[in-house]
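A.B. asks: Input file: target.cif. Contents: mmCIF, C-alpha atoms and all ligand atoms.
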data_my_file
#
loop_
_atom_site.label_atom_id
_atom_site.label_comp_id
_atom_site.auth_asym_id
_atom_site.auth_seq_id
_atom_site.Cartn_x
_atom_site.Cartn_y
_atom_site.Cartn_z
CA MET A 42 -36.06 -85.13 -32.80
CA LYS A 43 -32.34 -84.55 -33.24
CA TYR A 44 -31.44 -84.87 -36.90
CA GLY A 45 -28.02 -86.29 -37.62
CA PHE A 46 -26.76 -83.85 -40.22
CA ALA A 47 -23.46 -84.43 -42.03
CA LYS A 48 -20.48 -82.65 -40.50
CA ARG A 49 -20.18 -80.46 -43.56
CA VAL A 50 -23.42 -78.59 -42.79
CA TYR A 51 -21.73 -77.02 -39.80
CA HIS A 52 -19.43 -75.23 -42.25
CA MET A 53 -22.40 -73.74 -44.09
CA GLN A 54 -23.59 -70.25 -43.31
CA SER A 55 -26.79 -68.49 -44.15
CA SER A 56 -26.27 -65.52 -46.48
CA ALA A 57 -26.32 -62.33 -44.42
CA VAL A 58 -27.55 -60.52 -47.54
CA ARG A 59 -30.52 -62.83 -48.04
CA ASP A 60 -31.34 -62.57 -44.34
CA ILE A 61 -31.31 -58.77 -44.58
CA LEU A 62 -33.45 -58.84 -47.72
CA LYS A 63 -36.18 -60.71 -45.85
CA VAL A 64 -36.37 -57.85 -43.33
CA VAL A 65 -36.06 -54.90 -45.68
CA ASN A 66 -38.37 -55.93 -48.47
CA LYS A 67 -41.32 -54.74 -46.47
CA GLY A 68 -43.51 -51.65 -46.37
CA ASP A 69 -42.16 -48.35 -47.47
CA VAL A 70 -38.46 -49.23 -47.22
CA ILE A 71 -36.48 -48.26 -50.34
CA SER A 72 -33.92 -50.98 -50.70
CA PHE A 73 -30.43 -50.58 -52.11
CA ALA A 74 -29.60 -53.90 -50.48
CA GLY A 75 -30.22 -56.65 -53.07
CA GLY A 76 -28.02 -57.13 -56.12
CA LEU A 77 -31.02 -57.00 -58.41
CA PRO A 78 -31.53 -55.69 -61.93
CA ASP A 79 -34.62 -53.56 -62.58
CA GLU A 80 -37.55 -55.76 -63.56
CA LYS A 81 -39.11 -52.84 -65.49
CA LEU A 82 -36.24 -53.19 -67.95
CA PHE A 83 -36.74 -56.92 -68.50
CA PRO A 84 -37.48 -57.79 -72.15
CA VAL A 85 -40.73 -59.49 -71.15
CA GLN A 86 -42.41 -59.64 -74.56
CA GLU A 87 -39.26 -60.87 -76.26
CA VAL A 88 -38.73 -63.56 -73.62
CA ARG A 89 -42.35 -64.62 -74.01
CA LYS A 90 -42.01 -64.79 -77.79
CA ALA A 91 -38.79 -66.79 -77.47
CA PHE A 92 -40.48 -69.35 -75.21
CA ASP A 93 -43.43 -69.58 -77.63
CA GLN A 94 -41.08 -70.16 -80.55
CA ALA A 95 -39.14 -72.78 -78.62
CA LEU A 96 -42.31 -74.59 -77.60
CA LEU A 97 -43.79 -74.58 -81.09
CA SER A 98 -40.57 -75.61 -82.82
CA ASN A 99 -40.40 -79.25 -81.72
CA PRO A 100 -41.81 -81.27 -78.78
CA LYS A 101 -38.25 -82.47 -78.18
CA VAL A 102 -37.48 -79.15 -76.49
CA LEU A 103 -39.46 -80.58 -73.58
CA GLN A 104 -37.43 -83.77 -73.51
CA TYR A 105 -34.43 -84.53 -71.29
CA GLY A 106 -31.35 -82.86 -72.71
CA GLU A 107 -27.57 -83.10 -72.70
CA THR A 108 -25.82 -82.39 -69.41
CA GLU A 109 -23.33 -80.05 -71.10
CA GLY A 110 -26.14 -77.89 -72.48
CA ILE A 111 -27.85 -77.77 -75.85
CA PRO A 112 -25.30 -77.57 -78.69
CA ALA A 113 -26.83 -74.49 -80.34
CA LEU A 114 -26.54 -72.49 -77.13
CA ARG A 115 -22.98 -73.62 -76.46
CA GLU A 116 -22.04 -72.51 -79.97
CA MET A 117 -23.67 -69.14 -79.49
CA LEU A 118 -21.87 -68.72 -76.19
CA CYS A 119 -18.57 -69.36 -77.95
CA GLU A 120 -19.47 -66.73 -80.54
CA ARG A 121 -20.27 -64.23 -77.80
CA MET A 122 -17.07 -65.00 -75.92
CA GLU A 123 -15.07 -64.68 -79.13
CA LYS A 124 -16.11 -61.02 -79.29
CA LYS A 125 -14.14 -60.62 -76.08
CA ASP A 126 -11.19 -62.55 -77.52
CA ILE A 127 -12.01 -65.57 -75.39
CA PHE A 128 -11.54 -68.44 -77.81
CA ARG A 129 -13.21 -71.64 -76.68
CA ASN A 130 -14.82 -74.56 -78.44
CA PRO A 131 -18.29 -75.71 -77.46
CA GLU A 132 -16.65 -78.73 -75.81
CA ASN A 133 -14.94 -76.31 -73.42
CA VAL A 134 -18.32 -74.94 -72.32
CA LEU A 135 -20.81 -76.22 -69.78
CA VAL A 136 -24.21 -74.55 -69.47
CA THR A 137 -25.14 -74.19 -65.81
CA SER A 138 -28.08 -73.12 -63.69
CA GLY A 139 -26.64 -69.66 -63.24
CA SER A 140 -23.04 -68.82 -62.46
CA GLN A 141 -23.79 -69.83 -58.92
CA GLN A 142 -23.98 -73.45 -59.99
CA ALA A 143 -20.76 -73.06 -61.95
CA ILE A 144 -19.01 -71.97 -58.75
CA ASP A 145 -20.53 -74.88 -56.86
CA LEU A 146 -19.67 -77.56 -59.44
CA PHE A 147 -16.15 -76.23 -59.80
CA ALA A 148 -15.67 -76.32 -56.03
CA ARG A 149 -17.11 -79.82 -55.88
CA VAL A 150 -14.63 -81.25 -58.36
CA MET A 151 -11.59 -79.26 -57.18
CA PHE A 152 -11.58 -78.86 -53.40
CA ASP A 153 -10.89 -81.34 -50.66
CA PRO A 154 -11.43 -80.25 -47.06
CA GLY A 155 -8.57 -77.98 -46.02
CA ASP A 156 -7.59 -76.96 -49.57
CA ILE A 157 -6.66 -73.31 -49.85
CA ILE A 158 -8.43 -70.77 -52.01
CA LEU A 159 -7.13 -67.25 -52.34
CA THR A 160 -9.70 -64.48 -52.73
CA GLU A 161 -9.98 -60.75 -52.57
CA ASN A 162 -11.15 -59.17 -49.37
CA PRO A 163 -14.06 -58.35 -49.54
CA THR A 164 -15.45 -60.70 -52.16
CA TYR A 165 -18.68 -62.29 -53.41
CA LEU A 166 -20.46 -63.66 -50.39
CA ALA A 167 -22.20 -66.60 -52.06
CA ALA A 168 -18.88 -67.87 -53.43
CA LEU A 169 -17.56 -67.86 -49.87
CA GLN A 170 -20.64 -69.85 -48.86
CA VAL A 171 -19.88 -72.45 -51.52
CA PHE A 172 -16.20 -72.74 -50.59
CA GLN A 173 -17.08 -73.04 -46.89
CA SER A 174 -19.57 -75.80 -47.62
CA TYR A 175 -16.75 -77.85 -49.18
CA GLU A 176 -14.64 -77.15 -46.09
CA ALA A 177 -12.00 -75.27 -48.06
CA ASN A 178 -9.73 -72.78 -46.33
CA ILE A 179 -10.29 -69.30 -47.70
CA VAL A 180 -7.41 -66.88 -47.40
CA ALA A 181 -7.66 -63.21 -48.30
CA VAL A 182 -5.00 -61.50 -50.38
CA ASP A 183 -4.30 -57.80 -49.76
CA SER A 184 -5.67 -55.64 -52.52
CA ASP A 185 -6.33 -52.05 -53.46
CA GLU A 186 -8.57 -50.40 -56.02
CA ASP A 187 -6.61 -51.91 -58.93
CA GLY A 188 -6.72 -55.52 -57.77
CA MET A 189 -4.64 -57.91 -55.68
CA LEU A 190 -1.23 -56.68 -54.54
CA GLU A 191 1.49 -58.63 -56.27
CA GLU A 192 3.82 -59.07 -53.30
CA ASP A 193 1.22 -60.46 -50.93
CA LEU A 194 -0.24 -62.61 -53.70
CA GLU A 195 3.09 -64.18 -54.59
CA GLU A 196 3.98 -64.76 -50.95
CA LYS A 197 0.66 -66.48 -50.29
CA ILE A 198 0.87 -68.58 -53.44
CA ARG A 199 4.41 -69.64 -52.53
CA HIS A 200 3.71 -70.48 -48.91
CA LEU A 201 0.17 -71.74 -48.99
CA LYS A 202 0.14 -73.49 -52.38
CA PRO A 203 -3.51 -72.67 -53.08
CA LYS A 204 -5.59 -74.84 -55.37
CA CYS A 205 -7.22 -71.80 -56.89
CA ILE A 206 -7.46 -68.02 -56.92
CA TYR A 207 -11.06 -66.82 -57.07
CA VAL A 208 -11.57 -63.31 -58.48
CA VAL A 209 -14.32 -61.02 -59.75
CA PRO A 210 -12.00 -58.65 -61.62
CA THR A 211 -14.55 -56.65 -63.62
CA TYR A 212 -17.07 -54.42 -61.76
CA SER A 213 -16.88 -56.60 -58.71
CA ASN A 214 -19.48 -57.56 -56.18
CA PRO A 215 -19.33 -56.02 -53.61
CA GLY A 216 -16.50 -53.56 -54.34
CA GLY A 217 -17.74 -52.27 -57.71
CA LYS A 218 -14.12 -52.11 -58.83
CA VAL A 219 -12.31 -53.09 -61.98
CA TRP A 220 -8.81 -54.54 -61.97
CA SER A 221 -6.17 -52.67 -63.97
CA LEU A 222 -4.57 -54.35 -66.97
CA GLU A 223 -1.26 -54.39 -65.15
CA ARG A 224 -2.67 -56.33 -62.17
CA ARG A 225 -4.44 -58.75 -64.49
CA ARG A 226 -1.13 -59.47 -66.20
CA LYS A 227 0.63 -59.96 -62.87
CA LEU A 228 -2.04 -62.34 -61.60
CA LEU A 229 -1.79 -64.42 -64.74
CA GLN A 230 2.00 -64.43 -64.65
CA LEU A 231 1.98 -65.73 -61.08
CA ALA A 232 -0.69 -68.31 -61.84
CA LYS A 233 1.47 -69.62 -64.67
CA LYS A 234 4.66 -69.50 -62.64
CA TYR A 235 3.15 -71.53 -59.78
CA HIS A 236 0.68 -73.61 -61.83
CA THR A 237 -2.38 -72.31 -60.02
CA ILE A 238 -5.86 -72.09 -61.49
CA ILE A 239 -7.70 -68.79 -61.62
CA PHE A 240 -11.48 -68.83 -61.36
CA GLU A 241 -12.72 -65.69 -63.14
CA ASP A 242 -16.27 -64.87 -62.11
CA ASP A 243 -17.62 -62.35 -64.61
CA PRO A 244 -21.35 -61.73 -64.26
CA TYR A 245 -21.03 -57.94 -64.68
CA GLY A 246 -18.51 -57.58 -67.52
CA ASP A 247 -21.23 -56.52 -70.00
CA ILE A 248 -22.67 -53.89 -67.66
CA GLN A 249 -20.08 -51.36 -68.69
CA PHE A 250 -20.70 -47.60 -68.62
CA ASP A 251 -18.14 -46.38 -71.08
CA GLU A 252 -16.94 -48.41 -74.05
CA SER A 253 -13.51 -46.79 -73.92
CA ASP A 254 -12.96 -48.35 -70.48
CA THR A 255 -12.81 -51.92 -71.81
CA VAL A 256 -10.37 -54.15 -69.95
CA PRO A 257 -9.78 -57.67 -71.29
CA PRO A 258 -11.15 -60.60 -69.30
CA LEU A 259 -8.40 -62.76 -67.78
CA ALA A 260 -9.68 -65.62 -69.90
CA SER A 261 -8.78 -63.67 -73.06
CA MET A 262 -5.18 -63.34 -71.84
CA ASP A 263 -4.73 -67.07 -71.30
CA ASP A 264 -4.54 -69.99 -73.74
CA ASN A 265 -7.25 -72.00 -71.96
CA LYS A 266 -4.95 -73.51 -69.40
CA TYR A 267 -5.03 -71.49 -66.22
CA VAL A 268 -8.29 -69.53 -66.34
CA VAL A 269 -11.74 -70.97 -65.81
CA TYR A 270 -14.32 -68.35 -66.79
CA THR A 271 -17.96 -68.09 -65.81
CA SER A 272 -20.67 -65.65 -66.83
CA THR A 273 -24.45 -65.51 -66.84
CA PHE A 274 -27.62 -64.22 -68.49
CA SER A 275 -28.90 -63.10 -65.07
CA LYS A 276 -27.81 -59.50 -65.42
CA THR A 277 -28.32 -59.06 -69.17
CA VAL A 278 -31.55 -60.99 -69.84
CA VAL A 279 -33.34 -62.10 -66.62
CA PRO A 280 -32.17 -63.90 -63.48
CA ALA A 281 -35.23 -66.14 -63.40
CA MET A 282 -34.01 -68.06 -66.46
CA ARG A 283 -31.22 -69.30 -64.19
CA THR A 284 -28.84 -69.81 -67.08
CA GLY A 285 -25.13 -69.23 -66.96
CA TRP A 286 -22.08 -71.00 -68.31
CA ILE A 287 -18.54 -71.94 -67.52
CA ALA A 288 -15.69 -72.22 -70.01
CA GLY A 289 -12.29 -73.72 -69.35
CA PRO A 290 -9.88 -76.57 -69.95
CA TYR A 291 -11.66 -79.66 -71.23
CA GLN A 292 -10.61 -81.93 -68.34
CA ILE A 293 -12.17 -79.56 -65.81
CA ILE A 294 -15.34 -79.04 -67.84
CA ARG A 295 -15.75 -82.80 -68.33
CA MET A 296 -15.34 -83.43 -64.61
CA MET A 297 -17.85 -80.69 -63.81
CA ALA A 298 -20.31 -82.19 -66.31
CA GLN A 299 -20.09 -85.47 -64.40
CA ALA A 300 -20.78 -83.64 -61.15
CA LYS A 301 -23.70 -81.90 -62.84
CA GLN A 302 -25.18 -85.24 -63.89
CA ALA A 303 -25.43 -86.07 -60.22
CA THR A 304 -26.84 -82.65 -59.33
CA ASP A 305 -29.62 -81.92 -61.79
CA LEU A 306 -28.93 -83.92 -65.00
CA HIS A 307 -28.98 -80.72 -67.03
CA THR A 308 -29.99 -77.08 -66.98
CA ASN A 309 -33.62 -76.45 -67.97
CA SER A 310 -33.59 -77.18 -71.70
CA LEU A 311 -36.75 -75.29 -72.58
CA THR A 312 -35.08 -72.16 -71.22
CA GLN A 313 -31.90 -72.91 -73.17
CA HIS A 314 -33.90 -73.27 -76.40
CA ALA A 315 -35.72 -70.03 -75.60
CA LEU A 316 -32.38 -68.27 -75.15
CA VAL A 317 -31.24 -69.51 -78.56
CA HIS A 318 -34.41 -68.07 -80.14
CA LEU A 319 -34.04 -64.87 -78.16
CA MET A 320 -30.48 -64.33 -79.36
CA LYS A 321 -31.45 -65.04 -82.98
CA GLU A 322 -34.43 -62.69 -83.05
CA PHE A 323 -33.60 -60.02 -80.54
CA ASP A 324 -30.68 -57.63 -80.55
CA LEU A 325 -29.32 -58.58 -77.16
CA ASP A 326 -26.35 -56.25 -77.51
CA ALA A 327 -28.66 -53.29 -78.18
CA HIS A 328 -30.66 -54.31 -75.11
CA ILE A 329 -27.47 -54.45 -73.04
CA ARG A 330 -26.57 -50.94 -74.25
CA THR A 331 -29.98 -49.70 -73.06
CA LEU A 332 -29.43 -51.34 -69.66
CA CYS A 333 -25.97 -49.80 -69.38
CA LYS A 334 -27.27 -46.34 -70.17
CA SER A 335 -30.08 -46.56 -67.65
CA TYR A 336 -27.86 -48.03 -64.93
CA LYS A 337 -25.15 -45.45 -65.54
CA ASP A 338 -27.73 -42.64 -65.12
CA ARG A 339 -28.83 -44.15 -61.82
CA MET A 340 -25.26 -44.54 -60.63
CA LEU A 341 -24.59 -40.89 -61.47
CA LEU A 342 -27.74 -39.82 -59.67
CA MET A 343 -26.62 -41.64 -56.54
CA LYS A 344 -23.15 -40.16 -56.86
CA ASP A 345 -24.52 -36.61 -57.28
CA ILE A 346 -26.56 -36.95 -54.12
CA PHE A 347 -23.54 -38.22 -52.20
CA ASP A 348 -21.41 -35.40 -53.59
CA SER A 349 -23.97 -32.72 -52.81
CA GLY A 350 -24.05 -33.82 -49.15
CA ASP A 351 -20.71 -32.04 -48.75
CA GLU A 352 -20.70 -32.52 -45.00
CA LEU A 353 -20.53 -36.29 -45.54
CA ASP A 354 -17.28 -37.90 -44.51
CA ILE A 355 -17.37 -40.93 -46.80
CA HIS A 356 -15.13 -42.53 -49.38
CA TYR A 357 -16.12 -44.30 -52.58
CA THR A 358 -14.80 -44.85 -56.07
CA GLU A 359 -17.18 -44.12 -58.92
CA PRO A 360 -18.16 -47.50 -60.43
CA LYS A 361 -17.33 -47.91 -64.12
CA GLY A 362 -19.90 -50.65 -64.51
CA GLY A 363 -21.75 -53.34 -62.63
CA MET A 364 -24.36 -52.73 -60.00
CA PHE A 365 -22.73 -51.49 -56.81
CA PHE A 366 -21.30 -48.59 -54.88
CA TRP A 367 -18.92 -49.58 -52.13
CA VAL A 368 -18.88 -46.91 -49.46
CA THR A 369 -16.48 -46.49 -46.55
CA MET A 370 -17.63 -44.39 -43.63
CA PRO A 371 -15.53 -42.96 -40.77
CA GLU A 372 -13.87 -45.69 -38.70
CA ASP A 373 -16.09 -45.29 -35.67
CA VAL A 374 -19.28 -45.95 -37.67
CA HIS A 375 -20.60 -49.49 -37.44
CA THR A 376 -22.81 -49.95 -40.52
CA THR A 377 -24.70 -52.92 -39.05
CA ALA A 378 -25.93 -50.60 -36.29
CA LEU A 379 -26.53 -47.88 -38.88
CA LEU A 380 -28.73 -50.24 -40.90
CA LYS A 381 -31.29 -50.40 -38.07
CA ASP A 382 -31.52 -46.63 -38.06
CA ALA A 383 -31.71 -46.60 -41.86
CA VAL A 384 -34.51 -49.18 -42.04
CA SER A 385 -36.58 -47.31 -39.46
CA ASN A 386 -36.10 -44.25 -41.69
CA GLY A 387 -37.23 -46.12 -44.80
CA VAL A 388 -34.01 -47.05 -46.59
CA ALA A 389 -31.79 -50.15 -46.64
CA PHE A 390 -28.29 -51.16 -47.70
CA VAL A 391 -26.06 -54.14 -46.96
CA PRO A 392 -23.38 -53.69 -44.31
CA GLY A 393 -19.96 -54.59 -45.70
CA ALA A 394 -18.76 -56.94 -42.95
CA PRO A 395 -20.27 -60.23 -44.26
CA PHE A 396 -18.32 -59.91 -47.53
CA TYR A 397 -14.98 -60.15 -45.77
CA VAL A 398 -12.98 -63.32 -45.39
CA SER A 399 -11.10 -61.84 -42.44
CA ASN A 400 -10.60 -58.49 -40.70
CA PRO A 401 -13.94 -57.01 -41.74
CA ALA A 402 -14.10 -53.27 -42.15
CA LEU A 403 -17.19 -52.60 -40.04
CA ASN A 404 -17.58 -49.09 -41.46
CA THR A 405 -18.33 -50.22 -45.04
CA MET A 406 -21.56 -50.72 -46.95
CA ARG A 407 -22.72 -51.91 -50.38
CA LEU A 408 -25.38 -49.96 -52.24
CA ASN A 409 -27.11 -51.31 -55.32
CA PHE A 410 -28.07 -48.67 -57.88
CA THR A 411 -29.76 -50.80 -60.56
CA ASN A 412 -32.97 -51.98 -58.95
CA ALA A 413 -34.64 -48.78 -57.76
CA GLU A 414 -36.06 -46.33 -60.27
CA PRO A 415 -34.57 -42.80 -60.33
CA GLU A 416 -37.33 -41.21 -58.21
CA LYS A 417 -36.88 -43.90 -55.58
CA ILE A 418 -33.13 -43.45 -55.68
CA GLU A 419 -33.60 -39.74 -54.95
CA THR A 420 -35.95 -40.35 -52.03
CA GLY A 421 -33.92 -43.28 -50.67
CA MET A 422 -30.63 -41.40 -50.94
CA ARG A 423 -32.07 -38.34 -49.18
CA ARG A 424 -33.09 -40.64 -46.34
CA LEU A 425 -29.72 -42.35 -46.30
CA VAL A 426 -27.72 -39.10 -46.29
CA GLN A 427 -29.84 -37.92 -43.35
CA VAL A 428 -29.14 -41.13 -41.43
CA MET A 429 -25.42 -40.86 -42.24
CA ASN A 430 -25.33 -37.25 -41.05
CA ARG A 431 -27.11 -38.17 -37.84
CA SER A 432 -24.59 -40.92 -37.19
CA ALA A 433 -21.73 -38.46 -37.78
CA ALA A 434 -23.34 -36.18 -35.20
CA GLY A 435 -23.51 -39.12 -32.79
CA VAL A 436 -27.32 -39.40 -32.95
CA VAL A 437 -28.55 -42.98 -33.27
CA ASP A 438 -32.10 -44.07 -32.47
N1 LIG B 501 -21.02 -64.26 -59.10
C1 LIG B 501 -21.21 -63.00 -58.66
C2 LIG B 501 -20.03 -62.14 -58.38
C3 LIG B 501 -22.52 -62.51 -58.48
O1 LIG B 501 -22.69 -61.27 -58.02
C4 LIG B 501 -23.62 -63.36 -58.78
C5 LIG B 501 -25.05 -62.91 -58.59
N2 LIG B 501 -25.32 -62.15 -57.51
C6 LIG B 501 -23.35 -64.67 -59.21
C7 LIG B 501 -22.05 -65.08 -59.38
C8 LIG B 501 -24.45 -65.66 -59.49
O2 LIG B 501 -25.24 -65.26 -60.54
P1 LIG B 501 -26.31 -66.22 -61.23
O3 LIG B 501 -26.30 -67.52 -60.49
O4 LIG B 501 -27.61 -65.52 -61.12
O5 LIG B 501 -25.85 -66.39 -62.62
#
Take the structure in this file and express it as structure tokens.
Ligand code: PMP
C.D. replies:
Amino acid sequence: MKYGFAKRVYHMQSSAVRDILKVVNKGDVISFAGGLPDEKLFPVQEVRKAFDQALLSNPKVLQYGETEGIPALREMLCERMEKKDIFRNPENVLVTSGSQQAIDLFARVMFDPGDIILTENPTYLAALQVFQSYEANIVAVDSDEDGMLEEDLEEKIRHLKPKCIYVVPTYSNPGGKVWSLERRRKLLQLAKKYHTIIFEDDPYGDIQFDESDTVPPLASMDDNKYVVYTSTFSKTVVPAMRTGWIAGPYQIIRMMAQAKQATDLHTNSLTQHALVHLMKEFDLDAHIRTLCKSYKDRMLLMKDIFDSGDELDIHYTEPKGGMFFWVTMPEDVHTTALLKDAVSNGVAFVPGAPFYVSNPALNTMRLNFTNAEPEKIETGMRRLVQVMNRSAAGVVD
């Protein structure tokens, strides 16, 4: 049987990361591939208690709920955002099934086929998947470790008239980098000058290793006109709750709420009520501090092992937060080929190429440091350094 799929499915691509995860999550392979938090650090008892409290509070928590999200949660989200100087009213907030849905709903209400979106290169793969599925044209802007380069950005905005600039400016996935204040200001200035919307994807902003490194979110530098901001509980509470939110100008949020009605009516309301109880009873900020400390230790462990392999010809910038190391190997190394060697030696990473919009650097890789426990990081990194050294010596199985 030949199924007559819609044309748009031919613009969809399977996630290379998810495909790799299926292969590497087997046997004795230590995986630095997935972008996963450590489940041993999940606040299981507190989540359980919060669900119990929600369930016992009122049978209505099991009823259909408002598409925008339950009011108590939207208020709490505003309070949390206010701590970052992002001032929004609950009516500017839509609770979503993870940030991923926020990206999808935004794309659905904003992009016609052929519309241009500017992104960093590399950038978050699953956002690219969303944009491709709406047949948008994704164009990469040149960037360095501080963010997008102003000249290229302005030229592309002027010539291509993009609908939106999508960025992950704080502890990015996959680059693990944080945009400087200067580049944030420039981006915002240009967005204002050319009336272009910025989509700020900020799932990792709270996973910060040093409080003195705080950089303001773009949304805090704007008066709720040009920046649409999304974040999530996936990295700070648990991903399985599938709860995130998006905050932005009311017209956009209202349009996205309409699109959400057609998608899933509303985000799981039992989970939303549980999150409200969790935030009332549990010191989420203290929990986030514990996560940050543990993740920073793991990052440093990985870094020490890289640094002690002094023969290694690699480049990376020490992450100041988030979950990833972005590593560049010598130009003649093809990390997709290296992955095969790595997996047969019991360790996995994600090759960098799939994260690029264009001109992929085939010698890059992303390593997650939050999922594996320290002992596993040590063993996995020893294996990885060995594989890297073998590749430098021209030995590949
Ligand atoms: N944006 C980025 C940059 C991410 O890395 C992720 C998770 N990998 C998401 C959005 C989606 O997160 P969630 O849907 O779990 O909230």
A.B. asks: Once you count all atoms listed in the file, which residues end up within 6 Å of ligand LIG 501 (chain B), and could you hand them over as number ranges by chain?
C.D. replies: A: 76, 139-141, 165, 209, 214, 242, 244, 273, 275, 280, 285
A.B. asks: Just give me the gap between atom CA of A:Pro100 and atom CA of A:Leu311 in Å, one decimal is fine.
C.D. replies: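 Between atom CA of A:Pro100 and atom CA of A:Leu311 the gap is 10.0 Å.
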A.B. asks: Could you check the closest approach to A:Val269 for each of A:Leu114, A:Val171, A:Leu342, A:Ala143 and tell me which residue wins, using all atoms listed in the file?
C.D. replies: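 So, comparing all the options, the nearest one is A:Ala143.
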A.B. asks: Skip stretch 157-161 of chain A itself and residues of its chain fewer than 5 positions away, then list as a list in words all residues within 6 Å of it, counting only C-alpha atoms.
C.D. replies: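 These residues fall inside the cut-off: Ala177, Asn178, Ile179, Val180, Ala181, Val182, Pro203, Lys204, Cys205, Ile206 and Tyr207 of chain A.
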A.B. asks: Compile the contact shell of A:Leu96 as a list in words: residues with an atom at most 12 Å away, counting only C-alpha atoms, same-chain residues fewer than 6 positions apart removed.
C.D. replies: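 Residues near the query, excluding close chain neighbours: Arg89, Lys90, Val102, Leu103, Gln104, Ser310, Leu311, Thr312, Gln313, His314, Ala315 and His318 of chain A.
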A.B. asks: Which of these, A:Asp354, A:Glu176, A:Glu109, A:Glu186, has the shortest distance to A:Met53 once you count only C-alpha atoms?
C.D. replies: A:Glu176
A.B. asks: Which residue out of A:Thr137, A:Asn409, A:Gln86, A:Asn66 has the minimum interatomic distance to A:Leu319 when all atoms listed in the file are used?
C.D. replies: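 The shortest atom-to-atom distance to A:Leu319 comes from A:Gln86.
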A.B. asks: Residues of stretch 168-277 of chain A that approach stretch 388-396 of chain A to 12 Å or less, counting only C-alpha atoms: could you list each one with the shortest pair of atoms and its distance in Å to one decimal, rows by chain and increasing residue number, as CSV?
C.D. replies:
residue,atom,partner,partner_atom,distance
A:Ala168,CA,A:Phe396,CA,9.9
A:Leu169,CA,A:Phe396,CA,8.3
A:Gln170,CA,A:Phe396,CA,10.3
A:Ala181,CA,A:Phe396,CA,11.2
A:Ser213,CA,A:Phe396,CA,11.7
A:Asn214,CA,A:Phe396,CA,9.0
A:Pro215,CA,A:Phe396,CA,7.3
A:Gly216,CA,A:Gly393,CA,9.4
A.B. asks: May I ask which of the residues A:Lys202, A:Arg431, A:Ile61, A:Gln292 is the closest one to A:Ala74, counting all atoms listed in the file?
C.D. replies: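 So, comparing all the options, the nearest one is A:Ile61.
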A.B. asks: Can you tell me how far atom CA of A:Thr369 sits from atom CA of A:Thr405, in Å to one decimal?
C.D. replies: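 Between atom CA of A:Thr369 and atom CA of A:Thr405 the gap works out to 4.4 Å.
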A.B. asks: Mind working out the centre and edge lengths of an axis-aligned box for stretch 49-67 of chain A, all listed atoms inside, 8 Å added to each side, rounded to one decimal in Å and written as lines of an AutoDock Vina configuration file?
C.D. replies:
center_x = -30.4
center_y = -67.6
center_z = -44.1
size_x = 37.9
size_y = 41.7
size_z = 24.7
A.B. asks: What's around stretch 296-309 of chain A at 8 Å? Count all atoms listed in the file, leave out sequence neighbours fewer than 4 positions away in its own chain, and write the answer as a list in words.
C.D. replies: Tyr105, Gly106, Glu107, Thr108, Glu109, Gly110, Leu135, Val136, Thr137, Ser138, Leu146, Phe147, Arg149, Val150, Thr284, Gln292 and Gln313 of chain A
A.B. asks: I'd like the contact shell of A:Phe73 - 10 Å cut-off, only C-alpha atoms, skipping same-chain residues fewer than 5 positions apart - returned as number ranges by chain.
C.D. replies: A: 62, 65, 365-366, 388-391, 407-413, 417-418, 421-422
A.B. asks: Tell me, as a list in words, which residues lie within 8 Å of A:Gly246, counting all atoms listed in the file; anything in the same chain fewer than 5 positions away does not count.
C.D. replies: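 Neighbouring residues, sequence-local ones excluded: Thr211, Tyr212, Gly362 and Gly363 of chain A.
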A.B. asks: Go through A:Tyr175, A:Pro131, A:Thr377, A:Ala232 and flag the residue nearest A:Lys48, using only C-alpha atoms for the distances.
C.D. replies: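 Ranked by minimum distance to A:Lys48, first place goes to A:Tyr175.
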A.B. asks: Rebuild N, CA and C atoms on stretch 298-305 of chain A, as a PDB file, in the frame of the given file?
C.D. replies:
ATOM      1  N   ALA A 298     -19.098 -81.641 -65.683  1.00  0.00           N
ATOM      2  CA  ALA A 298     -20.310 -82.190 -66.310  1.00  0.00           C
ATOM      3  C   ALA A 298     -20.733 -83.474 -65.576  1.00  0.00           C
ATOM      4  N   GLN A 299     -19.746 -84.254 -65.159  1.00  0.00           N
ATOM      5  CA  GLN A 299     -20.090 -85.470 -64.400  1.00  0.00           C
ATOM      6  C   GLN A 299     -20.745 -85.101 -63.069  1.00  0.00           C
ATOM      7  N   ALA A 300     -20.194 -84.079 -62.416  1.00  0.00           N
ATOM      8  CA  ALA A 300     -20.780 -83.640 -61.150  1.00  0.00           C
ATOM      9  C   ALA A 300     -22.196 -83.104 -61.382  1.00  0.00           C
ATOM     10  N   LYS A 301     -22.371 -82.453 -62.532  1.00  0.00           N
ATOM     11  CA  LYS A 301     -23.700 -81.900 -62.840  1.00  0.00           C
ATOM     12  C   LYS A 301     -24.723 -83.003 -63.081  1.00  0.00           C
ATOM     13  N   GLN A 302     -24.256 -84.101 -63.694  1.00  0.00           N
ATOM     14  CA  GLN A 302     -25.180 -85.240 -63.890  1.00  0.00           C
ATOM     15  C   GLN A 302     -25.793 -85.628 -62.553  1.00  0.00           C
ATOM     16  N   ALA A 303     -24.955 -85.649 -61.527  1.00  0.00           N
ATOM     17  CA  ALA A 303     -25.430 -86.070 -60.220  1.00  0.00           C
ATOM     18  C   ALA A 303     -26.262 -84.992 -59.526  1.00  0.00           C
ATOM     19  N   THR A 304     -26.128 -83.757 -59.992  1.00  0.00           N
ATOM     20  CA  THR A 304     -26.840 -82.650 -59.330  1.00  0.00           C
ATOM     21  C   THR A 304     -28.238 -82.448 -59.895  1.00  0.00           C
ATOM     22  N   ASP A 305     -28.304 -82.226 -61.222  1.00  0.00           N
ATOM     23  CA  ASP A 305     -29.620 -81.920 -61.790  1.00  0.00           C
ATOM     24  C   ASP A 305     -29.763 -82.427 -63.237  1.00  0.00           C
TER      25      ASP A 305
END
